[in-house]
Amino acid sequence: MILEVKNINKSYSNLKALDSVSFSIDEGQYVAIIGPNGSGKSTLMQILTGLFLPDSGEVNIFNLGLKKNLTFILSKMGIVFQQPTMDGELSIYANLKFHSQLHGMSHSLANSRIKELVEKFELKEHLTKQAKNLSGGLKRRLEIVRSILHNPKILILDEATSGLDPESRKNILTYITDLNKNEKLTIISITHLKDETLDVDQVIMLKNGKLVFNDTKDNFLENN
Ligand code: ADP
Ligand code: MG
């Protein structure tokens, strides 16, 4: 088990965004967290990444309590937020270099990892372009490269394909699947799109803040 959520509750004034949510995820799994808009997915993401504290309940990652071990856990976690967080004025290279410095990567390690990943994600020819001038699909690829630059063990993505055309969407999903299958990265992909569960191992579904399904993809597709 790489991640465990135990009885999480979270309210915004009188709105219950997460209601006694519990689940666990095994290392190496590709997991989709699915649910309609407003079901609590982003709130859960913000709790899993330590941005919000739950009102009650606990999160353990790598068998460590998230609250007490936040810095260590974040150093082993990649995060792609729903809203883009790149500096649009900076080039792809400068954005990645900045992130490597935040993670304390040495100059040479950062450069070799940037080289490897921009090749793998076919961003090499765009390296000197300002992030704001990239297409939606390229921006999302840059967000993913940045999130895994520091070699995390677990990657959490919130609506990684939202706003993209069908071809770019497929392309992003292929990259994510590849990271799981070939780099053995544990992946939690948050989405409101049912057809983005096709390659996953486990599906967790939220509705109105409650966990209403947690099983294999095959059982999900049979019952939903
Ligand atoms: P999802 O990501 O599944 O669309 P969210 O976690 O963003 O769901 O939202 C869950 C519920 O909490 C929604 O009803 C939303 O309007 C509400 N909500 C989310 N963030 C806030 C906030 N910062 N303040 C008040 N209500 C919020
Ligand atoms: Mg959301």
# chains A, B, ... in the order shown; residues from 1 in each chain; ligands from 1
>>> residues_around(residues="Val203 of chain A", least_positions_apart="4", cutoff="9 Å", atoms="only C-alpha atoms", output="list in words")
Tyr30, Val31, Ala32, Ile33, Ile34, Thr197, Phe213, Asn214, Asp215, Thr216, Lys217, Asn219 and Phe220 of chain A
>>> select_by_dssp(residues="segment 17-207 of chain A", states="strand (DSSP E or B)", output="MDAnalysis selection string")
chainID A and resid 17:25 30:34 56:61 64:65 77:80 91 130 154:158 186:191 202:207
>>> closest_residue(among="A:Lys115, A:His192, A:Lys170, A:Lys207", to="ligand 2", atoms="only C-alpha atoms and all ligand atoms")
A:His192
>>> residues_around(residues="Met86 of chain A", least_positions_apart="2", cutoff="7 Å", atoms="only C-alpha atoms", output="count of residues only")
3
>>> closest_residue(among="A:Ile154, A:Ile47, A:Val5, A:Leu127", to="ligand 1", atoms="only C-alpha atoms and all ligand atoms")
A:Ile47
>>> atom_distance(atom1="atom 7 (O, counted along the ligand's line) of ligand 1", atom2="atom CA of Phe81 of chain A")
11.8 Å
>>> residues_near_ligand(ligand="ligand 2", cutoff="12 Å", atoms="only C-alpha atoms and all ligand atoms", output="PyMOL selection string")
chain A and resi 17+33-46+81-83+157-160+162+189-193+206
>>> select_by_dssp(residues="segment 107-151 of chain A", states="helix (DSSP H, G or I)", output="count of residues only")
33
>>> atom_distance(atom1="atom CA of Ser100 of chain A", atom2="atom CA of Ile144 of chain A")
13.6 Å
>>> atom_distance(atom1="atom CA of Glu116 of chain A", atom2="atom CA of Ala131 of chain A")
19.0 Å
>>> closest_residue(among="A:Glu167, A:Leu138, A:Thr186, A:Arg113", to="Ile61 of chain A", atoms="only C-alpha atoms")
A:Thr186
>>> closest_residue(among="A:Leu53, A:Met1, A:Val118, A:Leu15", to="ligand 1", atoms="only C-alpha atoms and all ligand atoms")
A:Leu15
>>> residues_around(residues="Leu96 of chain A", least_positions_apart="2", cutoff="8 Å", atoms="only C-alpha atoms", output="VMD selection string")
chain A and resid 92 to 94 98 to 100 114 146 149
>>> write_last_selection(atoms="all heavy atoms", output="mmCIF file, in the first residue's frame")
data_model
loop_
_atom_site.group_PDB
_atom_site.id
_atom_site.type_symbol
_atom_site.label_atom_id
_atom_site.label_comp_id
_atom_site.auth_asym_id
_atom_site.auth_seq_id
_atom_site.Cartn_x
_atom_site.Cartn_y
_atom_site.Cartn_z
ATOM 1 N N ILE A 92 10.210 26.895 -21.939
ATOM 2 C CA ILE A 92 10.054 25.537 -21.396
ATOM 3 C C ILE A 92 11.260 25.208 -20.527
ATOM 4 O O ILE A 92 11.131 24.768 -19.384
ATOM 5 C CB ILE A 92 9.923 24.508 -22.543
ATOM 6 C CG1 ILE A 92 8.570 24.657 -23.244
ATOM 7 C CG2 ILE A 92 10.128 23.092 -22.020
ATOM 8 C CD1 ILE A 92 8.259 23.553 -24.236
ATOM 9 N N TYR A 93 12.443 25.449 -21.080
ATOM 10 C CA TYR A 93 13.664 25.118 -20.347
ATOM 11 C C TYR A 93 13.733 25.868 -19.016
ATOM 12 O O TYR A 93 14.017 25.274 -17.969
ATOM 13 C CB TYR A 93 14.905 25.426 -21.197
ATOM 14 C CG TYR A 93 16.188 25.169 -20.441
ATOM 15 C CD1 TYR A 93 16.642 23.866 -20.247
ATOM 16 C CD2 TYR A 93 16.927 26.225 -19.903
ATOM 17 C CE1 TYR A 93 17.799 23.610 -19.521
ATOM 18 C CE2 TYR A 93 18.083 25.982 -19.183
ATOM 19 C CZ TYR A 93 18.522 24.684 -18.993
ATOM 20 O OH TYR A 93 19.656 24.436 -18.266
ATOM 21 N N ALA A 94 13.440 27.177 -19.040
ATOM 22 C CA ALA A 94 13.549 27.975 -17.806
ATOM 23 C C ALA A 94 12.515 27.540 -16.769
ATOM 24 O O ALA A 94 12.809 27.496 -15.568
ATOM 25 C CB ALA A 94 13.390 29.462 -18.128
ATOM 26 N N PHE A 98 13.742 26.093 -13.206
ATOM 27 C CA PHE A 98 13.258 26.697 -11.963
ATOM 28 C C PHE A 98 12.712 25.620 -11.023
ATOM 29 O O PHE A 98 13.030 25.581 -9.842
ATOM 30 C CB PHE A 98 12.171 27.729 -12.297
ATOM 31 C CG PHE A 98 11.590 28.402 -11.089
ATOM 32 C CD1 PHE A 98 12.350 29.282 -10.333
ATOM 33 C CD2 PHE A 98 10.281 28.145 -10.693
ATOM 34 C CE1 PHE A 98 11.822 29.903 -9.199
ATOM 35 C CE2 PHE A 98 9.741 28.762 -9.565
ATOM 36 C CZ PHE A 98 10.509 29.638 -8.820
ATOM 37 N N HIS A 99 11.922 24.718 -11.585
ATOM 38 C CA HIS A 99 11.334 23.647 -10.767
ATOM 39 C C HIS A 99 12.436 22.736 -10.192
ATOM 40 O O HIS A 99 12.363 22.313 -9.041
ATOM 41 C CB HIS A 99 10.368 22.835 -11.623
ATOM 42 C CG HIS A 99 9.607 21.811 -10.843
ATOM 43 N ND1 HIS A 99 8.563 22.132 -10.012
ATOM 44 C CD2 HIS A 99 9.762 20.463 -10.747
ATOM 45 C CE1 HIS A 99 8.095 21.024 -9.444
ATOM 46 N NE2 HIS A 99 8.804 20.004 -9.872
ATOM 47 N N SER A 100 13.450 22.454 -10.996
ATOM 48 C CA SER A 100 14.536 21.580 -10.515
ATOM 49 C C SER A 100 15.243 22.213 -9.326
ATOM 50 O O SER A 100 15.655 21.530 -8.386
ATOM 51 C CB SER A 100 15.533 21.289 -11.648
ATOM 52 O OG SER A 100 16.351 22.423 -11.890
ATOM 53 N N ILE A 114 16.107 16.895 -17.690
ATOM 54 C CA ILE A 114 15.337 17.724 -18.631
ATOM 55 C C ILE A 114 15.521 17.188 -20.049
ATOM 56 O O ILE A 114 14.556 17.023 -20.799
ATOM 57 C CB ILE A 114 15.761 19.208 -18.543
ATOM 58 C CG1 ILE A 114 15.294 19.817 -17.212
ATOM 59 C CG2 ILE A 114 15.198 20.019 -19.714
ATOM 60 C CD1 ILE A 114 15.834 21.209 -16.911
ATOM 61 N N ARG A 146 7.227 18.669 -15.932
ATOM 62 C CA ARG A 146 7.659 19.363 -14.724
ATOM 63 C C ARG A 146 7.317 18.548 -13.471
ATOM 64 O O ARG A 146 8.105 18.445 -12.547
ATOM 65 C CB ARG A 146 7.016 20.745 -14.622
ATOM 66 C CG ARG A 146 7.584 21.531 -13.456
ATOM 67 C CD ARG A 146 6.881 22.819 -13.245
ATOM 68 N NE ARG A 146 5.473 22.590 -12.943
ATOM 69 C CZ ARG A 146 4.670 23.532 -12.497
ATOM 70 N NH1 ARG A 146 5.120 24.763 -12.337
ATOM 71 N NH2 ARG A 146 3.426 23.264 -12.243
ATOM 72 N N LEU A 149 9.859 15.684 -13.014
ATOM 73 C CA LEU A 149 11.278 16.028 -13.156
ATOM 74 C C LEU A 149 12.123 15.476 -12.005
ATOM 75 O O LEU A 149 13.226 14.974 -12.212
ATOM 76 C CB LEU A 149 11.376 17.557 -13.199
ATOM 77 C CG LEU A 149 12.650 18.183 -13.706
ATOM 78 C CD1 LEU A 149 12.897 17.790 -15.151
ATOM 79 C CD2 LEU A 149 12.561 19.710 -13.602
#
>>> closest_residue(among="A:Gly50, A:Gly209, A:Gly163, A:Gly65", to="Gly136 of chain A", atoms="only C-alpha atoms")
A:Gly163
>>> closest_residue(among="A:Met105, A:Gln29, A:Glu119, A:Asn9", to="Val200 of chain A", atoms="only C-alpha atoms")
A:Gln29
